[in-house]
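Raw final_27.txt, compact mmCIF, C-alpha atoms and all ligand atoms:
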```
# COMPACT_ATOMS: atom_id res chain seq x y z
CA MET Q 200 -14.21 1.71 12.33
CA THR Q 201 -16.64 -1.22 12.14
CA LYS Q 202 -14.90 -4.24 13.66
CA ILE Q 203 -16.76 -7.09 11.94
CA LEU Q 204 -17.35 -6.34 8.28
CA TYR Q 205 -20.52 -8.29 7.57
CA GLY Q 206 -21.23 -8.99 3.93
CA ASN Q 207 -24.69 -10.47 4.28
CA ILE Q 208 -26.17 -7.03 5.12
CA ILE Q 209 -24.72 -5.59 1.90
CA ALA Q 210 -25.79 -8.61 -0.14
CA LYS Q 211 -29.38 -8.29 1.08
CA LYS Q 212 -29.50 -4.61 0.05
CA ILE Q 213 -28.09 -5.42 -3.40
CA ARG Q 214 -30.56 -8.28 -3.90
CA ASN Q 215 -33.43 -5.95 -2.99
CA GLN Q 216 -32.21 -3.32 -5.49
CA ILE Q 217 -31.91 -5.96 -8.22
CA ASN Q 218 -35.34 -7.37 -7.41
CA LYS Q 219 -36.84 -3.86 -7.81
CA LYS Q 220 -35.16 -3.48 -11.21
CA VAL Q 221 -36.50 -6.84 -12.36
CA LEU Q 222 -40.04 -5.92 -11.26
CA CYS Q 223 -39.69 -2.68 -13.25
CA MET Q 224 -38.57 -4.61 -16.34
CA LYS Q 225 -41.50 -7.00 -16.02
CA LYS Q 226 -43.95 -4.10 -15.61
CA LYS Q 227 -42.63 -2.64 -18.85
CA GLY Q 228 -43.28 -5.96 -20.58
CA GLN Q 229 -39.60 -6.86 -20.83
CA ARG Q 230 -38.45 -10.39 -20.12
CA PRO Q 231 -36.45 -10.91 -16.91
CA PRO Q 232 -32.65 -11.40 -17.00
CA HIS Q 233 -31.68 -14.97 -17.83
CA LEU Q 234 -28.59 -16.74 -16.49
CA ALA Q 235 -27.53 -20.22 -17.60
CA THR Q 236 -25.14 -22.38 -15.59
CA ILE Q 237 -23.27 -25.39 -16.88
CA LEU Q 238 -21.93 -27.97 -14.45
CA VAL Q 239 -19.78 -30.82 -15.71
CA GLY Q 240 -19.54 -33.81 -13.38
CA ASN Q 241 -20.64 -34.32 -9.79
CA ASN Q 242 -18.24 -32.35 -7.62
CA SER Q 243 -20.31 -31.85 -4.44
CA VAL Q 244 -18.87 -28.42 -3.61
CA SER Q 245 -19.54 -27.22 -7.16
CA MET Q 246 -23.08 -28.58 -6.93
CA THR Q 247 -23.68 -26.53 -3.78
CA TYR Q 248 -22.34 -23.40 -5.49
CA VAL Q 249 -24.53 -23.99 -8.55
CA ASN Q 250 -27.64 -24.66 -6.44
CA ASN Q 251 -27.00 -21.39 -4.61
CA LYS Q 252 -26.69 -19.53 -7.92
CA ILE Q 253 -30.01 -20.97 -9.11
CA LYS Q 254 -31.69 -20.05 -5.79
CA ASP Q 255 -30.26 -16.52 -5.97
CA CYS Q 256 -31.68 -16.07 -9.47
CA GLU Q 257 -35.12 -17.23 -8.37
CA ASN Q 258 -35.05 -14.93 -5.34
CA VAL Q 259 -34.54 -11.78 -7.42
CA GLY Q 260 -36.90 -12.84 -10.24
CA PHE Q 261 -34.28 -13.85 -12.83
CA LYS Q 262 -34.84 -16.80 -15.11
CA SER Q 263 -32.20 -19.46 -14.62
CA SER Q 264 -31.31 -22.49 -16.72
CA PHE Q 265 -29.15 -25.35 -15.57
CA LEU Q 266 -27.28 -27.83 -17.74
CA HIS Q 267 -25.83 -30.74 -15.84
CA LEU Q 268 -23.42 -32.62 -18.11
CA PRO Q 269 -21.58 -35.90 -17.46
CA ASN Q 270 -17.82 -35.72 -16.82
CA THR Q 271 -17.36 -38.01 -19.82
CA ILE Q 272 -18.35 -35.16 -22.16
CA THR Q 273 -15.66 -34.20 -24.67
CA GLU Q 274 -14.19 -30.72 -24.95
CA LYS Q 275 -15.52 -30.50 -28.52
CA LYS Q 276 -19.11 -31.29 -27.45
CA LEU Q 277 -18.95 -28.82 -24.58
CA ILE Q 278 -17.69 -26.07 -26.90
CA LYS Q 279 -20.55 -26.83 -29.32
CA ILE Q 280 -23.08 -26.45 -26.45
CA ILE Q 281 -21.49 -23.15 -25.43
CA LYS Q 282 -21.52 -21.81 -29.02
CA ASP Q 283 -25.22 -22.69 -29.33
CA LEU Q 284 -25.97 -20.87 -26.06
CA ASN Q 285 -23.94 -17.88 -27.28
CA LYS Q 286 -26.40 -17.56 -30.18
CA ASP Q 287 -29.46 -17.71 -27.89
CA THR Q 288 -30.87 -14.17 -27.92
CA LEU Q 289 -33.10 -15.03 -24.95
CA LEU Q 290 -30.05 -15.72 -22.76
CA ASP Q 291 -28.05 -12.94 -21.09
CA GLY Q 292 -25.38 -14.60 -18.95
CA LEU Q 293 -23.55 -17.90 -19.18
CA ILE Q 294 -21.28 -19.49 -16.59
CA ILE Q 295 -19.35 -22.73 -16.68
CA GLN Q 296 -18.74 -23.85 -13.12
CA LEU Q 297 -15.05 -24.51 -12.37
CA PRO Q 298 -13.14 -26.73 -11.86
CA LEU Q 299 -13.67 -28.77 -15.02
CA PRO Q 300 -12.63 -32.42 -15.46
CA LYS Q 301 -8.94 -32.86 -16.31
CA ASN Q 302 -9.61 -34.01 -19.89
CA ILE Q 303 -11.10 -30.59 -20.72
CA ASN Q 304 -8.88 -27.60 -21.34
CA LYS Q 305 -10.29 -24.80 -19.18
CA GLU Q 306 -8.87 -22.02 -21.36
CA ASN Q 307 -10.51 -23.39 -24.54
CA ILE Q 308 -13.84 -23.42 -22.73
CA ILE Q 309 -13.55 -19.91 -21.32
CA ILE Q 310 -12.49 -18.51 -24.71
CA ALA Q 311 -15.56 -20.14 -26.32
CA ILE Q 312 -17.97 -18.05 -24.20
CA ASP Q 313 -19.36 -14.91 -25.84
CA PRO Q 314 -17.55 -12.08 -23.96
CA ASP Q 315 -20.88 -10.21 -23.72
CA LYS Q 316 -22.42 -13.19 -21.87
CA ASP Q 317 -19.32 -13.85 -19.73
CA VAL Q 318 -20.77 -12.70 -16.40
CA ASP Q 319 -17.89 -14.45 -14.57
CA GLY Q 320 -15.49 -11.99 -16.24
CA PHE Q 321 -13.04 -14.82 -17.05
CA HIS Q 322 -12.80 -14.33 -20.85
CA PRO Q 323 -9.41 -12.88 -21.96
CA LEU Q 324 -11.18 -9.91 -23.57
CA ASN Q 325 -12.88 -9.05 -20.28
CA ILE Q 326 -9.71 -9.60 -18.23
CA GLY Q 327 -7.88 -7.35 -20.70
CA LYS Q 328 -10.54 -4.65 -20.42
CA MET Q 329 -10.52 -4.90 -16.61
CA THR Q 330 -6.72 -4.52 -16.59
CA MET Q 331 -7.03 -1.39 -18.74
CA GLY Q 332 -9.75 0.09 -16.53
CA ILE Q 333 -12.36 -0.21 -19.30
CA LYS Q 334 -15.89 -0.88 -18.04
CA THR Q 335 -16.61 -4.60 -18.22
CA PHE Q 336 -17.54 -7.67 -16.18
CA ILE Q 337 -15.31 -7.92 -13.11
CA PRO Q 338 -15.11 -11.42 -11.56
CA ALA Q 339 -17.66 -11.73 -8.75
CA THR Q 340 -15.33 -12.19 -5.76
CA PRO Q 341 -13.00 -9.24 -6.55
CA LEU Q 342 -16.07 -7.13 -7.31
CA GLY Q 343 -17.49 -8.22 -3.96
CA ILE Q 344 -14.29 -7.11 -2.20
CA LEU Q 345 -14.45 -3.68 -3.91
CA THR Q 346 -18.12 -3.38 -2.92
CA LEU Q 347 -17.30 -4.21 0.72
CA LEU Q 348 -14.45 -1.67 0.79
CA ASN Q 349 -16.78 0.98 -0.65
CA TYR Q 350 -19.65 0.17 1.71
CA TYR Q 351 -17.53 0.43 4.86
CA LYS Q 352 -15.66 3.49 3.43
CA ILE Q 353 -12.28 1.83 3.87
CA ASN Q 354 -9.44 4.01 2.62
CA THR Q 355 -7.02 1.93 0.57
CA GLN Q 356 -4.97 4.79 -0.88
CA GLY Q 357 -1.25 4.32 -0.19
CA LYS Q 358 -1.99 1.26 1.93
CA HIS Q 359 0.11 -1.87 1.69
CA ILE Q 360 -2.14 -4.76 0.68
CA VAL Q 361 -0.83 -8.31 0.86
CA ILE Q 362 -2.81 -10.87 -1.11
CA ILE Q 363 -2.46 -14.57 -0.37
CA GLY Q 364 -3.17 -16.74 -3.43
CA ARG Q 365 -2.84 -15.88 -7.12
CA SER Q 366 -5.89 -17.67 -8.56
CA ARG Q 367 -7.52 -16.25 -11.67
CA ILE Q 368 -10.83 -16.13 -9.81
CA VAL Q 369 -9.63 -14.00 -6.87
CA GLY Q 370 -5.94 -13.27 -6.22
CA MET Q 371 -4.78 -12.24 -9.68
CA PRO Q 372 -7.71 -9.91 -10.51
CA ILE Q 373 -7.88 -8.29 -7.06
CA SER Q 374 -4.11 -7.63 -7.15
CA ILE Q 375 -4.59 -5.72 -10.42
CA LEU Q 376 -7.68 -3.86 -9.21
CA MET Q 377 -6.14 -2.73 -5.92
CA ALA Q 378 -3.05 -1.37 -7.68
CA MET Q 379 -5.08 0.66 -10.18
CA LYS Q 380 -5.22 4.43 -10.10
CA ARG Q 381 -8.70 4.79 -8.64
CA SER Q 382 -10.72 4.24 -5.48
CA PRO Q 383 -10.83 1.63 -4.03
CA GLY Q 384 -7.29 1.09 -5.24
CA ASN Q 385 -4.14 3.24 -5.29
CA SER Q 386 -2.60 0.61 -3.02
CA THR Q 387 0.86 -0.91 -2.90
CA VAL Q 388 0.23 -4.57 -3.64
CA THR Q 389 2.23 -7.66 -2.76
CA LEU Q 390 0.90 -10.86 -4.34
CA THR Q 391 2.05 -13.95 -2.45
CA HIS Q 392 1.66 -17.55 -3.64
CA SER Q 393 2.89 -21.11 -3.22
CA TYR Q 394 6.48 -20.15 -4.15
CA THR Q 395 6.65 -17.16 -1.80
CA GLN Q 396 9.36 -17.63 0.80
CA GLU Q 397 8.19 -16.68 4.31
CA ILE Q 398 4.62 -15.49 3.72
CA ALA Q 399 4.52 -14.18 7.31
CA TYR Q 400 7.42 -11.80 6.50
CA HIS Q 401 5.05 -10.08 4.04
CA THR Q 402 1.77 -10.37 5.96
CA ARG Q 403 3.35 -8.80 9.07
CA LYS Q 404 3.97 -5.63 7.05
CA ALA Q 405 0.46 -5.42 5.58
CA ASP Q 406 -2.13 -2.76 6.38
CA ILE Q 407 -4.73 -4.93 4.65
CA ILE Q 408 -4.55 -8.69 4.00
CA ILE Q 409 -6.79 -10.39 1.44
CA THR Q 410 -6.51 -14.13 1.78
CA ALA Q 411 -7.90 -16.64 -0.74
CA LEU Q 412 -5.94 -19.77 0.05
CA GLY Q 413 -8.48 -22.39 1.19
CA VAL Q 414 -6.46 -23.51 4.22
CA PRO Q 415 -8.63 -23.25 7.36
CA LYS Q 416 -7.28 -21.04 10.17
CA PHE Q 417 -4.02 -20.43 8.26
CA LEU Q 418 -3.56 -16.80 9.30
CA LYS Q 419 -2.66 -16.42 12.99
CA SER Q 420 -2.12 -13.45 15.24
CA ASN Q 421 1.70 -13.70 15.03
CA MET Q 422 1.48 -13.27 11.23
CA ILE Q 423 -0.18 -9.84 11.26
CA LYS Q 424 0.65 -6.37 12.51
CA LYS Q 425 -1.52 -4.61 15.07
CA SER Q 426 -4.65 -2.98 13.63
CA ALA Q 427 -4.42 -4.78 10.31
CA LEU Q 428 -7.64 -5.16 8.33
CA LEU Q 429 -8.36 -8.72 7.21
CA ILE Q 430 -10.51 -9.79 4.27
CA ASP Q 431 -11.07 -13.53 4.37
CA VAL Q 432 -12.11 -15.08 1.06
CA GLY Q 433 -11.24 -18.66 2.01
CA ILE Q 434 -14.12 -21.06 2.62
CA SER Q 435 -13.26 -24.62 3.65
CA ARG Q 436 -15.59 -27.40 4.74
CA VAL Q 437 -14.34 -28.98 7.94
CA LYS Q 438 -15.93 -32.12 9.43
CA ASP Q 439 -18.24 -31.30 12.34
CA SER Q 440 -20.50 -34.01 13.75
CA THR Q 441 -22.38 -31.47 15.89
CA ASN Q 442 -23.66 -29.79 12.73
CA THR Q 443 -26.66 -31.29 10.88
CA LYS Q 444 -24.77 -30.96 7.57
CA GLY Q 445 -21.83 -32.88 9.03
CA TYR Q 446 -19.43 -30.01 8.36
CA LYS Q 447 -18.81 -26.39 9.25
CA LEU Q 448 -17.36 -23.59 7.14
CA LEU Q 449 -14.04 -22.10 8.14
CA GLY Q 450 -12.09 -19.22 6.63
CA ASP Q 451 -8.35 -18.83 6.06
CA VAL Q 452 -8.15 -16.62 9.14
CA ASP Q 453 -8.06 -18.00 12.68
CA PHE Q 454 -10.81 -15.57 13.68
CA ASP Q 455 -10.69 -15.97 17.48
CA ASN Q 456 -6.90 -15.93 17.50
CA VAL Q 457 -6.57 -12.60 15.61
CA TYR Q 458 -9.75 -10.83 16.78
CA ASN Q 459 -8.19 -8.63 19.48
CA LYS Q 460 -5.32 -7.56 17.24
CA VAL Q 461 -7.18 -6.48 14.08
CA SER Q 462 -8.92 -3.19 13.32
CA SER Q 463 -11.56 -4.98 11.20
CA ILE Q 464 -12.24 -8.43 9.84
CA THR Q 465 -14.72 -10.17 7.53
CA PRO Q 466 -16.39 -13.24 9.09
CA VAL Q 467 -16.73 -16.69 7.48
CA PRO Q 468 -19.53 -17.44 6.81
CA GLY Q 469 -21.41 -14.15 6.29
CA GLY Q 470 -18.55 -12.06 4.91
CA ILE Q 471 -17.29 -12.02 1.33
CA GLY Q 472 -19.32 -15.13 0.30
CA PRO Q 473 -22.80 -13.54 0.23
CA ILE Q 474 -21.56 -10.37 -1.51
CA THR Q 475 -19.87 -12.50 -4.17
CA ARG Q 476 -23.16 -14.25 -4.86
CA SER Q 477 -24.97 -10.94 -5.30
CA MET Q 478 -22.22 -9.67 -7.66
CA LEU Q 479 -22.97 -12.44 -10.13
CA LEU Q 480 -26.55 -11.15 -10.27
CA LYS Q 481 -25.25 -7.62 -10.77
CA ASN Q 482 -23.07 -8.76 -13.65
CA THR Q 483 -26.08 -10.48 -15.22
CA LEU Q 484 -27.92 -7.14 -15.15
CA ILE Q 485 -24.92 -5.56 -16.93
CA ALA Q 486 -25.23 -8.32 -19.56
CA VAL Q 487 -28.87 -7.30 -20.05
CA GLN Q 488 -27.73 -3.75 -20.80
CA LYS Q 489 -25.26 -5.10 -23.36
CA ARG Q 490 -28.11 -7.09 -24.94
CA LYS Q 491 -30.18 -3.91 -25.41
CA LYS Q 492 -27.47 -2.12 -27.41
N1 LIG K 1 -15.65 -22.05 -9.11
C1 LIG K 1 -15.33 -21.40 -7.96
N2 LIG K 1 -15.65 -20.09 -8.04
C2 LIG K 1 -16.18 -19.90 -9.28
C3 LIG K 1 -16.69 -18.76 -9.95
O1 LIG K 1 -16.71 -17.65 -9.45
N3 LIG K 1 -17.16 -18.99 -11.22
C4 LIG K 1 -17.13 -20.21 -11.81
N4 LIG K 1 -17.59 -20.31 -13.05
N5 LIG K 1 -16.64 -21.29 -11.20
C5 LIG K 1 -16.17 -21.13 -9.94
```
How would this structure read if it were set down as structure tokens?
Amino acid sequence: MTKILYGNIIAKKIRNQINKKVLCMKKKGQRPPHLATILVGNNSVSMTYVNNKIKDCENVGFKSSFLHLPNTITEKKLIKIIKDLNKDTLLDGLIIQLPLPKNINKENIIIAIDPDKDVDGFHPLNIGKMTMGIKTFIPATPLGILTLLNYYKINTQGKHIVIIGRSRIVGMPISILMAMKRSPGNSTVTLTHSYTQEIAYHTRKADIIITALGVPKFLKSNMIKKSALLIDVGISRVKDSTNTKGYKLLGDVDFDNVYNKVSSITPVPGGIGPITRSMLLKNTLIAVQKRKK
């Protein structure tokens, strides 16, 4: 089995496939897919994510629009902007970068997005469809994990998967997807979170661990069983004066500490992150298909 499960190789292939599809669309006289991103406030991590999304769109030939709104904006005004974008027939996908300022109710915002433009897959209708196994937008990170499992032909049937973190962006949806009666899936899933007593008690029994905690080097060798497969979704910025950016990226897994004990592991950076970015583009293409109907 491949020891280091690189995601950037997969992401590059997917981007190339998408780019070819866009060129085909343009040749046929169709307009390219169009993704709009809304960012409220000046969270520097969110800004990096949004800039990456814009760059990714440009690289595959998508049109991208960016709305940068002040964190003083009211919930009502933001909902009005979303409803206007919902009506825009020249727009395929719409994402509101999270987190939002505290004065804005996240749920009200997500519900305001047209489910057919909800390329994040966060709208209750899309989460409901996903849970029922009905074809829909699957949130980018869980979809990236499924894509990685498929690419490396990892058998998950009957395997015990322990997930660390129950966020609506990663932990919750991937726990549902891995338990579903299909492949990848058919797994026995344990979802651990901040109230779990003795996380290591669970992780030591896992065949596969998916961690999305955001605590650098959290998972150590004494917390896993021999030959476990580790999928590291955590990305934390840690100060590093030797780096020109002033920080380095670290995952939830203490990579060097576990390396000799695992069967396979995703690196950070270069693992789940790049696949996740390409999945958002894939979802935008699905939105284009919905537009055509
Ligand atoms: N913030 C962190 N991850 C995400 C994501 O996947 N989508 C949105 N909209 N915001 C995020």
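Environment of ligand LIG 1 (chain K), defined as every protein or nucleic acid residue with an atom within 7 Å of it and counting all atoms listed in the file, comprises Ser245, Ile294, Ile295, Gln296, Leu297, Pro298, Asp319, Pro338, Ala339, Thr340 and Ile368 of chain Q.
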Worksheet item: Any idea what's packed within 9 Å of Q:Ala378, counting only C-alpha atoms, ignoring anything in its chain fewer than 6 positions away? Could you give it as a PyMOL selection string?
Response: chain Q and resi 384-388
Worksheet item: At a cut-off of 10 Å from (-23.5, -12.7, -11.2) in the coordinates of the file, what residues are picked up using all atoms listed in the file, written as a list of chain:residue names?
Response: Q:Leu234, Q:Lys252, Q:Asp255, Q:Cys256, Q:Gly292, Q:Leu293, Q:Ile294, Q:Asp317, Q:Val318, Q:Asp319, Q:Gly320, Q:Phe336, Q:Ile337, Q:Pro338, Q:Ala339, Q:Thr340, Q:Thr475, Q:Arg476, Q:Ser477, Q:Met478, Q:Leu479, Q:Leu480, Q:Lys481, Q:Asn482, Q:Thr483, Q:Leu484, Q:Ile485, Q:Ala486
Residues from the last selection, C-alpha atoms, saved as an mmCIF file, keeping the file's coordinate frame:
```
data_model
loop_
_atom_site.group_PDB
_atom_site.id
_atom_site.type_symbol
_atom_site.label_atom_id
_atom_site.label_comp_id
_atom_site.auth_asym_id
_atom_site.auth_seq_id
_atom_site.Cartn_x
_atom_site.Cartn_y
_atom_site.Cartn_z
ATOM 1 C CA LEU Q 234 -28.590 -16.740 -16.490
ATOM 2 C CA LYS Q 252 -26.690 -19.530 -7.920
ATOM 3 C CA ASP Q 255 -30.260 -16.520 -5.970
ATOM 4 C CA CYS Q 256 -31.680 -16.070 -9.470
ATOM 5 C CA GLY Q 292 -25.380 -14.600 -18.950
ATOM 6 C CA LEU Q 293 -23.550 -17.900 -19.180
ATOM 7 C CA ILE Q 294 -21.280 -19.490 -16.590
ATOM 8 C CA ASP Q 317 -19.320 -13.850 -19.730
ATOM 9 C CA VAL Q 318 -20.770 -12.700 -16.400
ATOM 10 C CA ASP Q 319 -17.890 -14.450 -14.570
ATOM 11 C CA GLY Q 320 -15.490 -11.990 -16.240
ATOM 12 C CA PHE Q 336 -17.540 -7.670 -16.180
ATOM 13 C CA ILE Q 337 -15.310 -7.920 -13.110
ATOM 14 C CA PRO Q 338 -15.110 -11.420 -11.560
ATOM 15 C CA ALA Q 339 -17.660 -11.730 -8.750
ATOM 16 C CA THR Q 340 -15.330 -12.190 -5.760
ATOM 17 C CA THR Q 475 -19.870 -12.500 -4.170
ATOM 18 C CA ARG Q 476 -23.160 -14.250 -4.860
ATOM 19 C CA SER Q 477 -24.970 -10.940 -5.300
ATOM 20 C CA MET Q 478 -22.220 -9.670 -7.660
ATOM 21 C CA LEU Q 479 -22.970 -12.440 -10.130
ATOM 22 C CA LEU Q 480 -26.550 -11.150 -10.270
ATOM 23 C CA LYS Q 481 -25.250 -7.620 -10.770
ATOM 24 C CA ASN Q 482 -23.070 -8.760 -13.650
ATOM 25 C CA THR Q 483 -26.080 -10.480 -15.220
ATOM 26 C CA LEU Q 484 -27.920 -7.140 -15.150
ATOM 27 C CA ILE Q 485 -24.920 -5.560 -16.930
ATOM 28 C CA ALA Q 486 -25.230 -8.320 -19.560
#
```
Discussion item. Need to verify the contact set: stretch 415-431 of chain Q, 8 Å, all atoms listed in the file, exclusion of same-chain residues closer than 2 positions in sequence. Can you return it as a PyMOL selection string?
Written reply: chain Q and resi 344+399-400+402-411+413+433-435+449-454+456-457+460-467+470-471
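Between Q:Thr288 and the candidates Q:Pro383, Q:Gly469, Q:Pro232, Q:Gly343, the tightest atom-to-atom separation, counting all atoms listed in the file, involves Q:Pro232.
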Worksheet entry | Nearest to Q:Leu390, chosen from Q:Val361, Q:Asn442, Q:Thr346, Q:Val369, with all atoms listed in the file counted in the distances |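 Looking only at the distances to Q:Leu390, the closest residue turns out to be Q:Val361.
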Discussion item. If I take atom CA of Q:Thr201 and atom CA of Q:Ile360, how far is one from the other in Å, to one decimal?
Written reply: 18.8 Å
Worksheet item: Pick the closest to Q:Tyr248 from Q:Thr236, Q:Asn459, Q:Thr441, Q:Thr391: which is it, counting only C-alpha atoms?
Response: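 Among the listed residues, Q:Thr236 lies closest to Q:Tyr248.
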Worksheet entry | Shell around Q:Pro269 at 12 Å using all atoms listed in the file, local window under 6 positions removed, as a ChimeraX atom specification | /Q:237-242,276-277,299-300
Worksheet entry | Interatomic distance (Å, one decimal) between atom CA of Q:Pro314 and atom CA of Q:Ile278 |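 Atom-to-atom, atom CA of Q:Pro314 and atom CA of Q:Ile278 are spaced 14.3 Å apart.
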Worksheet item: Of the candidates Q:Ala235, Q:Ser382, Q:Leu204, Q:Pro323, which shows the shortest atom-to-atom distance to Q:Thr335, using only C-alpha atoms?
Response: Q:Pro323
Discussion item. One number please: atom CA of Q:Leu348 to atom CA of Q:Gly206, in Å, one decimal.
Written reply: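 That distance, rounded to one decimal, is 10.5 Å.
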Could I get stretch 297-322 of chain Q rebuilt with N, CA and C atoms, written as a PDB file, keeping the file's coordinate frame?
```pdb
ATOM      1  N   LEU Q 297     -16.415 -23.959 -12.466  1.00  0.00           N
ATOM      2  CA  LEU Q 297     -15.050 -24.510 -12.370  1.00  0.00           C
ATOM      3  C   LEU Q 297     -14.893 -25.179 -11.008  1.00  0.00           C
ATOM      4  N   PRO Q 298     -14.049 -26.184 -10.847  1.00  0.00           N
ATOM      5  CA  PRO Q 298     -13.140 -26.730 -11.860  1.00  0.00           C
ATOM      6  C   PRO Q 298     -13.846 -27.655 -12.843  1.00  0.00           C
ATOM      7  N   LEU Q 299     -13.186 -27.841 -13.992  1.00  0.00           N
ATOM      8  CA  LEU Q 299     -13.670 -28.770 -15.020  1.00  0.00           C
ATOM      9  C   LEU Q 299     -12.869 -30.063 -14.929  1.00  0.00           C
ATOM     10  N   PRO Q 300     -13.413 -31.178 -15.460  1.00  0.00           N
ATOM     11  CA  PRO Q 300     -12.630 -32.420 -15.460  1.00  0.00           C
ATOM     12  C   PRO Q 300     -11.296 -32.228 -16.187  1.00  0.00           C
ATOM     13  N   LYS Q 301     -10.316 -33.038 -15.807  1.00  0.00           N
ATOM     14  CA  LYS Q 301      -8.940 -32.860 -16.310  1.00  0.00           C
ATOM     15  C   LYS Q 301      -8.804 -33.003 -17.829  1.00  0.00           C
ATOM     16  N   ASN Q 302      -9.721 -33.801 -18.436  1.00  0.00           N
ATOM     17  CA  ASN Q 302      -9.610 -34.010 -19.890  1.00  0.00           C
ATOM     18  C   ASN Q 302     -10.078 -32.791 -20.699  1.00  0.00           C
ATOM     19  N   ILE Q 303     -10.601 -31.792 -20.015  1.00  0.00           N
ATOM     20  CA  ILE Q 303     -11.100 -30.590 -20.720  1.00  0.00           C
ATOM     21  C   ILE Q 303     -10.177 -29.411 -20.415  1.00  0.00           C
ATOM     22  N   ASN Q 304      -9.765 -28.752 -21.496  1.00  0.00           N
ATOM     23  CA  ASN Q 304      -8.880 -27.600 -21.340  1.00  0.00           C
ATOM     24  C   ASN Q 304      -9.725 -26.368 -20.955  1.00  0.00           C
ATOM     25  N   LYS Q 305      -9.492 -25.898 -19.736  1.00  0.00           N
ATOM     26  CA  LYS Q 305     -10.290 -24.800 -19.180  1.00  0.00           C
ATOM     27  C   LYS Q 305     -10.240 -23.543 -20.060  1.00  0.00           C
ATOM     28  N   GLU Q 306      -9.046 -23.244 -20.563  1.00  0.00           N
ATOM     29  CA  GLU Q 306      -8.870 -22.020 -21.360  1.00  0.00           C
ATOM     30  C   GLU Q 306      -9.720 -22.075 -22.644  1.00  0.00           C
ATOM     31  N   ASN Q 307      -9.715 -23.259 -23.299  1.00  0.00           N
ATOM     32  CA  ASN Q 307     -10.510 -23.390 -24.540  1.00  0.00           C
ATOM     33  C   ASN Q 307     -11.986 -23.152 -24.261  1.00  0.00           C
ATOM     34  N   ILE Q 308     -12.429 -23.579 -23.100  1.00  0.00           N
ATOM     35  CA  ILE Q 308     -13.840 -23.420 -22.730  1.00  0.00           C
ATOM     36  C   ILE Q 308     -14.153 -21.947 -22.449  1.00  0.00           C
ATOM     37  N   ILE Q 309     -13.303 -21.315 -21.683  1.00  0.00           N
ATOM     38  CA  ILE Q 309     -13.550 -19.910 -21.320  1.00  0.00           C
ATOM     39  C   ILE Q 309     -13.537 -19.021 -22.573  1.00  0.00           C
ATOM     40  N   ILE Q 310     -12.600 -19.313 -23.487  1.00  0.00           N
ATOM     41  CA  ILE Q 310     -12.490 -18.510 -24.710  1.00  0.00           C
ATOM     42  C   ILE Q 310     -13.719 -18.698 -25.605  1.00  0.00           C
ATOM     43  N   ALA Q 311     -14.385 -19.863 -25.469  1.00  0.00           N
ATOM     44  CA  ALA Q 311     -15.560 -20.140 -26.320  1.00  0.00           C
ATOM     45  C   ALA Q 311     -16.788 -19.314 -25.904  1.00  0.00           C
ATOM     46  N   ILE Q 312     -16.790 -18.805 -24.683  1.00  0.00           N
ATOM     47  CA  ILE Q 312     -17.970 -18.050 -24.200  1.00  0.00           C
ATOM     48  C   ILE Q 312     -18.008 -16.670 -24.866  1.00  0.00           C
ATOM     49  N   ASP Q 313     -19.193 -16.260 -25.299  1.00  0.00           N
ATOM     50  CA  ASP Q 313     -19.360 -14.910 -25.840  1.00  0.00           C
ATOM     51  C   ASP Q 313     -18.976 -13.901 -24.748  1.00  0.00           C
ATOM     52  N   PRO Q 314     -17.992 -13.034 -25.003  1.00  0.00           N
ATOM     53  CA  PRO Q 314     -17.550 -12.080 -23.960  1.00  0.00           C
ATOM     54  C   PRO Q 314     -18.700 -11.243 -23.386  1.00  0.00           C
ATOM     55  N   ASP Q 315     -19.747 -10.999 -24.206  1.00  0.00           N
ATOM     56  CA  ASP Q 315     -20.880 -10.210 -23.720  1.00  0.00           C
ATOM     57  C   ASP Q 315     -21.814 -11.005 -22.802  1.00  0.00           C
ATOM     58  N   LYS Q 316     -21.623 -12.334 -22.775  1.00  0.00           N
ATOM     59  CA  LYS Q 316     -22.420 -13.190 -21.870  1.00  0.00           C
ATOM     60  C   LYS Q 316     -21.564 -13.685 -20.695  1.00  0.00           C
ATOM     61  N   ASP Q 317     -20.288 -13.313 -20.698  1.00  0.00           N
ATOM     62  CA  ASP Q 317     -19.320 -13.850 -19.730  1.00  0.00           C
ATOM     63  C   ASP Q 317     -19.431 -13.118 -18.379  1.00  0.00           C
ATOM     64  N   VAL Q 318     -20.505 -13.417 -17.652  1.00  0.00           N
ATOM     65  CA  VAL Q 318     -20.770 -12.700 -16.400  1.00  0.00           C
ATOM     66  C   VAL Q 318     -19.773 -13.062 -15.287  1.00  0.00           C
ATOM     67  N   ASP Q 319     -18.976 -14.116 -15.499  1.00  0.00           N
ATOM     68  CA  ASP Q 319     -17.890 -14.450 -14.570  1.00  0.00           C
ATOM     69  C   ASP Q 319     -16.692 -13.499 -14.763  1.00  0.00           C
ATOM     70  N   GLY Q 320     -16.624 -12.883 -15.936  1.00  0.00           N
ATOM     71  CA  GLY Q 320     -15.490 -11.990 -16.240  1.00  0.00           C
ATOM     72  C   GLY Q 320     -14.184 -12.748 -16.424  1.00  0.00           C
ATOM     73  N   PHE Q 321     -14.257 -13.997 -16.896  1.00  0.00           N
ATOM     74  CA  PHE Q 321     -13.040 -14.820 -17.050  1.00  0.00           C
ATOM     75  C   PHE Q 321     -12.474 -14.800 -18.465  1.00  0.00           C
ATOM     76  N   HIS Q 322     -13.264 -14.331 -19.455  1.00  0.00           N
ATOM     77  CA  HIS Q 322     -12.800 -14.330 -20.850  1.00  0.00           C
ATOM     78  C   HIS Q 322     -11.607 -13.357 -20.994  1.00  0.00           C
TER      79      HIS Q 322
END
```
